[in-house]
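Taking it in order: structure first as structure tokens, then the write-up.
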Amino acid sequence: MLADLPTLLFNTLIWGMATFLVAAGLTMIFGILHVLNFSHGGFFMIGAYVAHSLANWSSAMANIWGFLLASVITAAVIGAVGLVVDRAIFRRLAHVDGAYVLVATYALLLVCNGVVKLIWGLNVVSASPPPELFDVSFLGNLVLPHYSIFVIVAGLAVFLALEWLINMTSVGRLIQAIAIDPWMARLLGINVGLIYSATVIIGFALAGLAGGLLVANQSLSPDLAGIFIIQAFGVVIVGGMGSIRGAFLASLLLGLADSFGTALLPQMPGLFFFVALAAILLIRPRGLIASGRLS
Amino acid sequence: MSKLNRRAFLASGAGAALALSANPRIVVGQTNEPIRLGVVTPLSGPQEFIGSFVKNGAEVAVDLINKAGGVRGRPLALEFRDEKANPAAATTVARELLGMGINLQLGTIASTVALAYGPLMQAENGINLTCGAGSEKINHENYSPHVFRIGDGTYRMRAQARMMAEKFPDVTSWTGIIPDHEYGRTVWAIYVDGLLEFYPKITGKQPQIVDPIIVPYGSGDYRNFITQAARTEARGIVNATYGGDAATFFQQARPFGLFNNRILMDVANEFIVANALKTQVPKHWTGTHWYYGASASPIGESFYKAYVAKTGNKMPMGWAGEAQAAVAAYAAAIAKTGSTETKAIIEALKGLSYDTVTGARTIRAEDNQAIKDLEMIQIEPDASAADVGFKVSDYVKIPGAGVIEPATPGQAMVLRKSS
């Protein structure tokens, strides 16, 4: 296995960063609104389809800049949908039991599936990465697909951007203050509702961005909503509910467990992800970074 | 002669009404009412995509039969129910149809659903014709006289192995990309059985079987498994992943060159992966229930034209053909026996030879398994094919009689295993 170590580590990074891209918006919304958004995978899926359509209608995939622009447009579109969802659902259910919100977000996931079937149909489709990311480099025996390197860099960039937003900006400090004590924040004159809406928009935009950036990572079908979401929930739980830093760390740790587990026990694929998840929660029941708030 | 009194008159009237209601349309030809067939297939859920072909295929088949005068002068009519590829939902709606007097049903594609139908149909006196369910248990250890597989069974894997031995006698080392569920492992076991029988027979060489790569179902990242597969010495790979999983696997395998110098035999994706990947699809073989381009029969040609006219889809998947074969089987059985009663139809279906889109097929009486020609196509990228980005570059048909396993209803299949 030592000979395969670089490959396993590289695969860990791809798995981890792809999962983190999907999980980032999920953990952000939980950190502020304390809502477990079951529909997050659905909006990731719609984001991927929107990016795919943009690529078909324009020359978005002609170069890497077009691809990035398409991903940003996708993020904006899904962020706008987030605003609608916030007004139509999250705000209306803000003062009822959390179980109702869970049911509502699950219903929203079903709506997402229906929308995809209505607009894009049942066929499996895929997108090729732009030419700059299409090729492969070799480092000894290590195969380095350029698109995989791009996914790793994109995951890191999103993590650093969120870290900067939350810890280095006044908006981020407001978000943290509201995550810690919304009642006190209201007393101090902070517009909590506005920050809640902004968080939902950012969370949804992150789902859309993940869909855009990962559009060439896997095929697209109405099943896509469920493809990453179990891993993403695992990462959010292990990382510590609502912790961006925790989710980032957890995505690397669980990715490592998945890669090495597959190499050690090839007849039981995917088992080590759940073993690692259970083991970490036994040792740290509140997750790796157990603030319970956005960090 | 005694006079018929009011009480006797009412009693005989009630008895006659009861007798008529119990068996309203046993004998075909006494009425012009449509003969109703139940189509229980996934119209929502994860297999909705497949169910859409079954639904359209059944409708086109019925339209063609009705335009030709129906069966013994009576038209066929379809009653659809959504089984969501879920055995519990499937048995509920199948029972509902049985309650409506619709004892002749078709459309099953999931093995779990087909296996659940055995006890149900036997208890409720119905018949189910599966349209693509793959488990070998259907006609072996879980055999039910009320369930028929009118399409190819798991022996298609043996045909695919045979074709590989004939086409690629030098490719003697094989591995598999096998999804981690019961059907995936069964498909691999039967393919290995075929390799171990046909390579020595046809090439005189013993194949080398490399442990398959077991992959999770519904994953977004297969790179760990792709690197595993790339490390093997195997020169032939059989892929049993399906649908979106297969497209993702093929897409992620491209940069690793996994399929560059290997022969790739795909179990059953037909055009799914090629339609998704277009010019990026690797050159590969795939099994198909029915390939419309083969023009295997006059029925196939008229069915294809009618299918395209109805749906606009010029590349129908093989399940549409399996639905046609199921409708045609009922039509032939009803025409043969003159009845729609379950017992008579079961007797008529057993040993029935009839024409379908893939040509003639015969339902083996011992285990209700159809014997039909097995079809395989080679797909390769083609940038000049503007709409689709790929082309079918080869087609092979293998007669089912030469590859089908022996009938052993009630008993498990006996398979060859590599040492």
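Residues are named by chain letter and number: chains run A, B, ... in the order of the structure tokens, numbers start at 1 in each chain, and ligands are numbered from 1 in the order shown.
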Select residues of chain B: the criterion is any atom within 6 Å of an atom of chain A, counting only C-alpha atoms; output as a ChimeraX atom specification. /B:49,214-216,218-220,244,247-248,255,276-277
Could you list, as a list in words, every residue within 6 Å of region 80-89 of chain A, counting only C-alpha atoms and ignoring same-chain residues fewer than 2 positions away?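 Close residues of region 80-89 of chain A: Val77, Ile78, Arg91, Arg92, Val200, Ile201 and Phe204 of chain A.
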Got time to write the residues from that selection, N, CA, C and O atoms, as a compact mmCIF listing (two decimals), in the first residue's frame?
# COMPACT_ATOMS: atom_id res chain seq x y z
N VAL A 77 -27.87 32.48 -9.19
CA VAL A 77 -29.24 32.00 -9.46
C VAL A 77 -29.77 31.21 -8.25
O VAL A 77 -30.89 31.46 -7.77
N ILE A 78 -28.97 30.29 -7.74
CA ILE A 78 -29.44 29.47 -6.62
C ILE A 78 -29.53 30.32 -5.36
O ILE A 78 -30.41 30.11 -4.51
N ARG A 91 -38.79 31.64 7.07
CA ARG A 91 -39.32 32.69 7.95
C ARG A 91 -40.67 32.30 8.55
O ARG A 91 -40.95 32.58 9.70
N ARG A 92 -41.47 31.66 7.72
CA ARG A 92 -42.81 31.26 8.21
C ARG A 92 -42.69 30.20 9.30
O ARG A 92 -43.56 30.09 10.16
N VAL A 200 -29.01 32.52 4.52
CA VAL A 200 -29.68 31.54 3.66
C VAL A 200 -29.23 31.75 2.21
O VAL A 200 -28.94 30.77 1.49
N ILE A 201 -29.15 33.02 1.81
CA ILE A 201 -28.73 33.29 0.43
C ILE A 201 -27.31 32.76 0.20
O ILE A 201 -27.03 32.10 -0.81
N PHE A 204 -27.36 28.88 0.11
CA PHE A 204 -27.88 28.37 -1.16
C PHE A 204 -26.90 28.67 -2.30
O PHE A 204 -26.70 27.84 -3.19
Just list as a PyMOL selection string whatever in region 190-223 of chain A DSSP marks as alpha helix (DSSP H). chain A and resi 192-213
All strand (DSSP E) residues (DSSP, backbone) inside region 194-387 of chain B, as a VMD selection string: chain B and resid 208 to 209 213 to 215 236 to 239 263 to 266 284 to 288 353 to 356 359 to 363 370 to 371 374 to 381
Take the residues from that selection and put them in a file with C-alpha atoms, as a PDB file, in the first residue's frame.
ATOM      1  CA  GLN B 208      -7.452 -15.864 -15.725  1.00  0.00           C
ATOM      2  CA  ILE B 209     -10.052 -14.352 -13.393  1.00  0.00           C
ATOM      3  CA  ILE B 213     -13.484  -4.233  -8.059  1.00  0.00           C
ATOM      4  CA  ILE B 214     -16.523  -3.895  -5.811  1.00  0.00           C
ATOM      5  CA  VAL B 215     -17.891  -0.359  -5.970  1.00  0.00           C
ATOM      6  CA  GLY B 236     -10.694  -7.298 -20.180  1.00  0.00           C
ATOM      7  CA  ILE B 237     -13.133  -5.492 -17.896  1.00  0.00           C
ATOM      8  CA  VAL B 238     -16.819  -6.199 -17.494  1.00  0.00           C
ATOM      9  CA  ASN B 239     -18.827  -3.304 -16.085  1.00  0.00           C
ATOM     10  CA  ILE B 263     -11.565  -4.506 -23.826  1.00  0.00           C
ATOM     11  CA  LEU B 264     -14.612  -3.132 -22.063  1.00  0.00           C
ATOM     12  CA  MET B 265     -17.788  -5.187 -21.922  1.00  0.00           C
ATOM     13  CA  ASP B 266     -20.659  -3.298 -20.358  1.00  0.00           C
ATOM     14  CA  HIS B 284     -17.023  -0.544 -25.587  1.00  0.00           C
ATOM     15  CA  TRP B 285     -19.491  -3.374 -26.040  1.00  0.00           C
ATOM     16  CA  THR B 286     -22.823  -3.385 -24.298  1.00  0.00           C
ATOM     17  CA  GLY B 287     -25.645  -5.874 -24.013  1.00  0.00           C
ATOM     18  CA  THR B 288     -29.099  -4.831 -25.127  1.00  0.00           C
ATOM     19  CA  SER B 353     -43.239 -19.812 -29.676  1.00  0.00           C
ATOM     20  CA  TYR B 354     -44.108 -16.394 -31.064  1.00  0.00           C
ATOM     21  CA  ASP B 355     -42.690 -13.422 -32.962  1.00  0.00           C
ATOM     22  CA  THR B 356     -41.312 -10.312 -31.296  1.00  0.00           C
ATOM     23  CA  GLY B 359     -37.404 -12.264 -33.832  1.00  0.00           C
ATOM     24  CA  ALA B 360     -38.847 -15.553 -32.668  1.00  0.00           C
ATOM     25  CA  ARG B 361     -38.669 -16.532 -29.043  1.00  0.00           C
ATOM     26  CA  THR B 362     -39.868 -19.588 -27.149  1.00  0.00           C
ATOM     27  CA  ILE B 363     -40.913 -19.715 -23.516  1.00  0.00           C
ATOM     28  CA  ALA B 370     -37.885 -17.239 -22.670  1.00  0.00           C
ATOM     29  CA  ILE B 371     -35.194 -18.416 -25.046  1.00  0.00           C
ATOM     30  CA  LEU B 374     -28.986 -12.229 -27.354  1.00  0.00           C
ATOM     31  CA  GLU B 375     -27.967  -8.908 -28.858  1.00  0.00           C
ATOM     32  CA  MET B 376     -24.792  -6.927 -28.265  1.00  0.00           C
ATOM     33  CA  ILE B 377     -23.599  -3.685 -29.819  1.00  0.00           C
ATOM     34  CA  GLN B 378     -20.270  -1.944 -29.960  1.00  0.00           C
ATOM     35  CA  ILE B 379     -20.325   1.792 -29.314  1.00  0.00           C
ATOM     36  CA  GLU B 380     -17.507   4.182 -30.079  1.00  0.00           C
ATOM     37  CA  PRO B 381     -17.112   7.948 -30.122  1.00  0.00           C
TER      38      PRO B 381
END
So which residues touch region 311-328 of chain B within 8 Å, counting only C-alpha atoms, skipping near sequence neighbours fewer than 3 positions away, as a PyMOL selection string? chain B and resi 50+53-58+60-62+106-107+129-132+150-151+270-271+288-292+307-308+331-332+354-358
How would the residues just chosen look if you wrote them out with C-alpha atoms as a short mmCIF file (atom, residue, chain, number, x, y, z; two decimals), in the first residue's frame?
data_model
loop_
_atom_site.label_atom_id
_atom_site.label_comp_id
_atom_site.auth_asym_id
_atom_site.auth_seq_id
_atom_site.Cartn_x
_atom_site.Cartn_y
_atom_site.Cartn_z
CA ILE B 50 -36.65 2.60 -17.42
CA PHE B 53 -39.65 2.88 -22.03
CA VAL B 54 -41.78 0.01 -20.75
CA LYS B 55 -44.86 2.24 -20.74
CA ASN B 56 -44.27 3.59 -24.25
CA GLY B 57 -43.29 0.16 -25.58
CA ALA B 58 -46.45 -1.46 -24.21
CA VAL B 60 -47.05 1.07 -29.09
CA ALA B 61 -47.35 -2.73 -29.07
CA VAL B 62 -51.04 -2.54 -28.15
CA LEU B 106 -46.61 -7.19 -17.15
CA GLY B 107 -43.95 -4.51 -16.82
CA LEU B 129 -44.57 -11.23 -17.19
CA THR B 130 -41.31 -9.50 -16.26
CA CYS B 131 -39.82 -7.08 -18.78
CA GLY B 132 -36.16 -7.16 -17.83
CA ILE B 150 -40.31 -13.27 -21.43
CA GLY B 151 -36.96 -11.52 -21.96
CA GLU B 270 -27.26 0.20 -23.88
CA PHE B 271 -27.18 3.94 -24.83
CA THR B 288 -29.10 -4.83 -25.13
CA HIS B 289 -32.56 -6.35 -24.77
CA TRP B 290 -33.34 -5.13 -28.29
CA TYR B 291 -31.31 -3.12 -30.77
CA TYR B 292 -33.66 -1.29 -33.13
CA TYR B 307 -42.28 4.08 -31.46
CA VAL B 308 -40.44 6.99 -33.08
CA ALA B 331 -51.83 -11.74 -27.36
CA ALA B 332 -50.41 -15.01 -28.69
CA TYR B 354 -44.11 -16.39 -31.06
CA ASP B 355 -42.69 -13.42 -32.96
CA THR B 356 -41.31 -10.31 -31.30
CA VAL B 357 -39.17 -7.29 -32.13
CA THR B 358 -36.04 -9.42 -31.73
#
Got a sec: who's within 8 Å of Leu252 (chain A), counting only C-alpha atoms, leaving out chain neighbours fewer than 4 positions off, as a ChimeraX atom specification? /A:12-13,15-17,248,256
Check the smallest atom-to-atom distance from each of A:Leu102, A:Ile152, A:Val192, A:Ile64 to Asn37 (chain A) using only C-alpha atoms, then report the winner.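 With only C-alpha atoms as the atom set, the closest residue is A:Leu102.
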